[in-house]
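J.: Can you read through this structure? Questions will come right after.
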Amino acid sequence: MTVCCGIASFGVLGAYCFEDNEGAAVTVTYYVAMLRNFCEPELGRRGIDPSSVRFQQDGATAHTARASMNVLREMFPQHVISRAGDVPLPARSPDLSVCDYFLWGYLKSRVSICKPRTIKDLKQSIKEIIAAIPKQMTRRVMENLGVKLKQCFRNCGRHLSDVIFKT
């Protein structure tokens, strides 16, 4: 099962499960459809102008394919943070990705408490946990991202001081 989420100061966008009309898992080649059929309408429903959003993603092949990048550049003009995006993102920067340093760990810790036994239960748990994340929490997480970005600039792109590496 593949789940896509977005996180911003206004809350979490998703969970979007990549699946067909029968609920069977599909590959992430459906990424453009997710952007058009889920992300864009969801931003509109929340009254968010996509051109005011900075869209950050990882370097997964489906995310950086020409068709995906064309849609992203149209939706988020000059605000695509990605490999091959308007704002280049270092290849391995999980300390600068909110989904990596916060959302996935938070979600995993909460889902493990529920102990879902089926894929259907897992999807439901994920959706309920995401829906329950308070906006104050996402605001704090995004403020923390700002602190991390400033530290990254001060360090000229080197490791952040709160990240511990074994030698």
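Within each chain, counting starts at residue 1; across the structure tokens, chains are named A, B, ... in the order shown, with ligands numbered 1 upward in that order.
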So which bits of chain A end up strand (DSSP E or B) when you DSSP the backbone, as a PyMOL selection string?
T.: chain A and resi 3-8+11-17+19+25+55-56+80-81+87
J.: May I have a table of the residues of region 51-129 of chain A lying at most 8 Å from region 14-35 of chain A, giving each one's closest pair of atoms and their distance in Å to one decimal, counting only C-alpha atoms, ordered by chain and ascending residue number, as a Markdown table?
T.:
```
| residue | atom | partner | partner_atom | distance |
| --- | --- | --- | --- | --- |
| A:Ala62 | CA | A:Thr29 | CA | 5.9 |
| A:His63 | CA | A:Tyr31 | CA | 7.0 |
| A:Ala67 | CA | A:Val32 | CA | 7.3 |
| A:Ser68 | CA | A:Val32 | CA | 5.5 |
| A:Val71 | CA | A:Val32 | CA | 7.1 |
| A:Leu72 | CA | A:Leu35 | CA | 8.0 |
| A:Lys123 | CA | A:Cys17 | CA | 7.8 |
| A:Ile126 | CA | A:Ala15 | CA | 7.1 |
| A:Lys127 | CA | A:Ala15 | CA | 5.8 |
```
J.: List the neighbours of Glu40 (chain A) out to 10 Å using only C-alpha atoms; skip same-chain residues closer than 5 positions along the sequence, and give me the result as a list in words.
T.: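 Everything that qualifies: Met34, Leu35, Arg45, Ile48, Asp49, Pro50 and Met75 of chain A.
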J.: Could you pull the residues within 10 Å of Met137 (chain A), counting only C-alpha atoms, minus those fewer than 6 positions along the same chain, as a PyMOL selection string?
T.: chain A and resi 9-11+143
J.: So, counting only C-alpha atoms, which residue among A:Arg139, A:Leu96, A:Gln56, A:Leu103 is closest to Val80 (chain A)?
T.: A:Gln56
J.: Counting only C-alpha atoms, what is within 10 Å of Ile133 (chain A), bar same-chain residues fewer than 3 positions away, as a ChimeraX atom specification?
T.: /A:11-12,103,106-107,128-130,136-138
J.: Restricting it to C-alpha atoms, dump the selection as a PDB file, in the first residue's frame.
T.:
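Saved the output as out.pdb:
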```pdb
ATOM      1  CA  GLY A  11      -2.875  21.014   8.271  1.00  0.00           C
ATOM      2  CA  VAL A  12      -2.296  17.671   6.587  1.00  0.00           C
ATOM      3  CA  LEU A 103       4.857  12.839   9.721  1.00  0.00           C
ATOM      4  CA  TYR A 106       4.313  10.150  14.069  1.00  0.00           C
ATOM      5  CA  LEU A 107       1.916   8.172  11.889  1.00  0.00           C
ATOM      6  CA  GLU A 128      -8.376   8.755  11.230  1.00  0.00           C
ATOM      7  CA  ILE A 129      -4.968   9.549  12.732  1.00  0.00           C
ATOM      8  CA  ILE A 130      -4.190  12.099  10.038  1.00  0.00           C
ATOM      9  CA  GLN A 136      -1.434  23.821  16.062  1.00  0.00           C
ATOM     10  CA  MET A 137       0.868  20.808  15.704  1.00  0.00           C
ATOM     11  CA  THR A 138       1.352  21.303  11.966  1.00  0.00           C
TER      12      THR A 138
END
```
J.: Could you tell me how far CA of Gly47 (chain A) sits from CA of Glu74 (chain A), in Å to one decimal place?
T.: 18.0 Å
J.: Using DSSP on the backbone coordinates, identify the residues of chain A assigned to alpha helix (DSSP H); present them as a PyMOL selection string.
T.: chain A and resi 31-34+40-45+61-64+66-75+98+104-114+119-131+135-154
J.: Write a file of the selected residues as a tab-separated table (two decimals), in the first residue's frame, keeping C-alpha atoms.
T.:
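Written out: part.tsv:
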```
chain	number	residue	atom	x	y	z
A	31	TYR	CA	0.99	10.48	-9.40
A	32	VAL	CA	-0.23	13.02	-11.98
A	33	ALA	CA	-3.82	11.80	-11.49
A	34	MET	CA	-3.39	12.23	-7.71
A	40	GLU	CA	-5.59	20.45	-6.59
A	41	PRO	CA	-9.29	20.07	-5.60
A	42	GLU	CA	-8.40	19.62	-1.92
A	43	LEU	CA	-6.41	22.85	-1.88
A	44	GLY	CA	-9.37	24.56	-3.56
A	45	ARG	CA	-11.80	23.11	-1.02
A	61	THR	CA	11.13	8.67	-10.32
A	62	ALA	CA	7.35	9.14	-10.62
A	63	HIS	CA	7.63	12.51	-8.88
A	64	THR	CA	10.30	13.88	-11.19
A	66	ARG	CA	8.51	15.07	-17.17
A	67	ALA	CA	4.69	14.76	-17.01
A	68	SER	CA	4.71	15.13	-13.21
A	69	MET	CA	7.04	18.12	-13.25
A	70	ASN	CA	4.95	19.84	-15.95
A	71	VAL	CA	1.81	19.53	-13.80
A	72	LEU	CA	3.64	20.65	-10.67
A	73	ARG	CA	5.13	23.70	-12.39
A	74	GLU	CA	1.68	24.63	-13.65
A	75	MET	CA	0.04	24.18	-10.24
A	98	VAL	CA	8.63	17.48	7.16
A	104	TRP	CA	5.89	9.27	8.87
A	105	GLY	CA	7.30	8.56	12.34
A	106	TYR	CA	4.31	10.15	14.07
A	107	LEU	CA	1.92	8.17	11.89
A	108	LYS	CA	3.78	4.89	12.40
A	109	SER	CA	3.81	5.33	16.19
A	110	ARG	CA	0.05	5.99	16.28
A	111	VAL	CA	-0.91	3.25	13.81
A	112	SER	CA	1.10	0.65	15.75
A	113	ILE	CA	-1.09	1.34	18.80
A	114	CYS	CA	-4.21	0.46	16.78
A	119	ILE	CA	-5.31	-3.47	4.74
A	120	LYS	CA	-8.80	-1.96	5.10
A	121	ASP	CA	-8.20	-1.43	8.85
A	122	LEU	CA	-4.75	0.02	8.13
A	123	LYS	CA	-6.17	2.55	5.64
A	124	GLN	CA	-8.90	3.53	8.08
A	125	SER	CA	-6.41	3.96	10.95
A	126	ILE	CA	-4.14	6.12	8.81
A	127	LYS	CA	-7.01	8.34	7.68
A	128	GLU	CA	-8.38	8.75	11.23
A	129	ILE	CA	-4.97	9.55	12.73
A	130	ILE	CA	-4.19	12.10	10.04
A	131	ALA	CA	-7.60	13.74	10.42
A	135	LYS	CA	-3.49	22.42	13.17
A	136	GLN	CA	-1.43	23.82	16.06
A	137	MET	CA	0.87	20.81	15.70
A	138	THR	CA	1.35	21.30	11.97
A	139	ARG	CA	2.03	25.01	12.55
A	140	ARG	CA	4.75	24.15	15.09
A	141	VAL	CA	6.25	21.56	12.76
A	142	MET	CA	6.42	24.09	9.92
A	143	GLU	CA	7.99	26.67	12.24
A	144	ASN	CA	10.58	24.02	13.11
A	145	LEU	CA	11.24	23.56	9.40
A	146	GLY	CA	12.00	27.29	9.16
A	147	VAL	CA	14.54	26.94	11.97
A	148	LYS	CA	16.12	23.95	10.23
A	149	LEU	CA	16.32	25.81	6.91
A	150	LYS	CA	18.01	28.81	8.53
A	151	GLN	CA	20.50	26.51	10.24
A	152	CYS	CA	21.16	24.77	6.93
A	153	PHE	CA	21.95	28.12	5.27
A	154	ARG	CA	24.21	29.14	8.19
```
J.: Which value, in Å to one decimal, gives the distance between CA of Gly85 (chain A) and CA of Thr2 (chain A)?
T.: 23.0 Å
J.: Rank nothing, just name the residue among A:Ser97, A:Gln78, A:Asn37, A:Ser52 nearest to Gly6 (chain A), using only C-alpha atoms.
T.: A:Ser97
J.: Do you have the CA of Ala60 (chain A)-CA of Ala132 (chain A) distance handy?
T.: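 Taking CA of Ala60 (chain A) and CA of Ala132 (chain A), their separation equals 28.0 Å.
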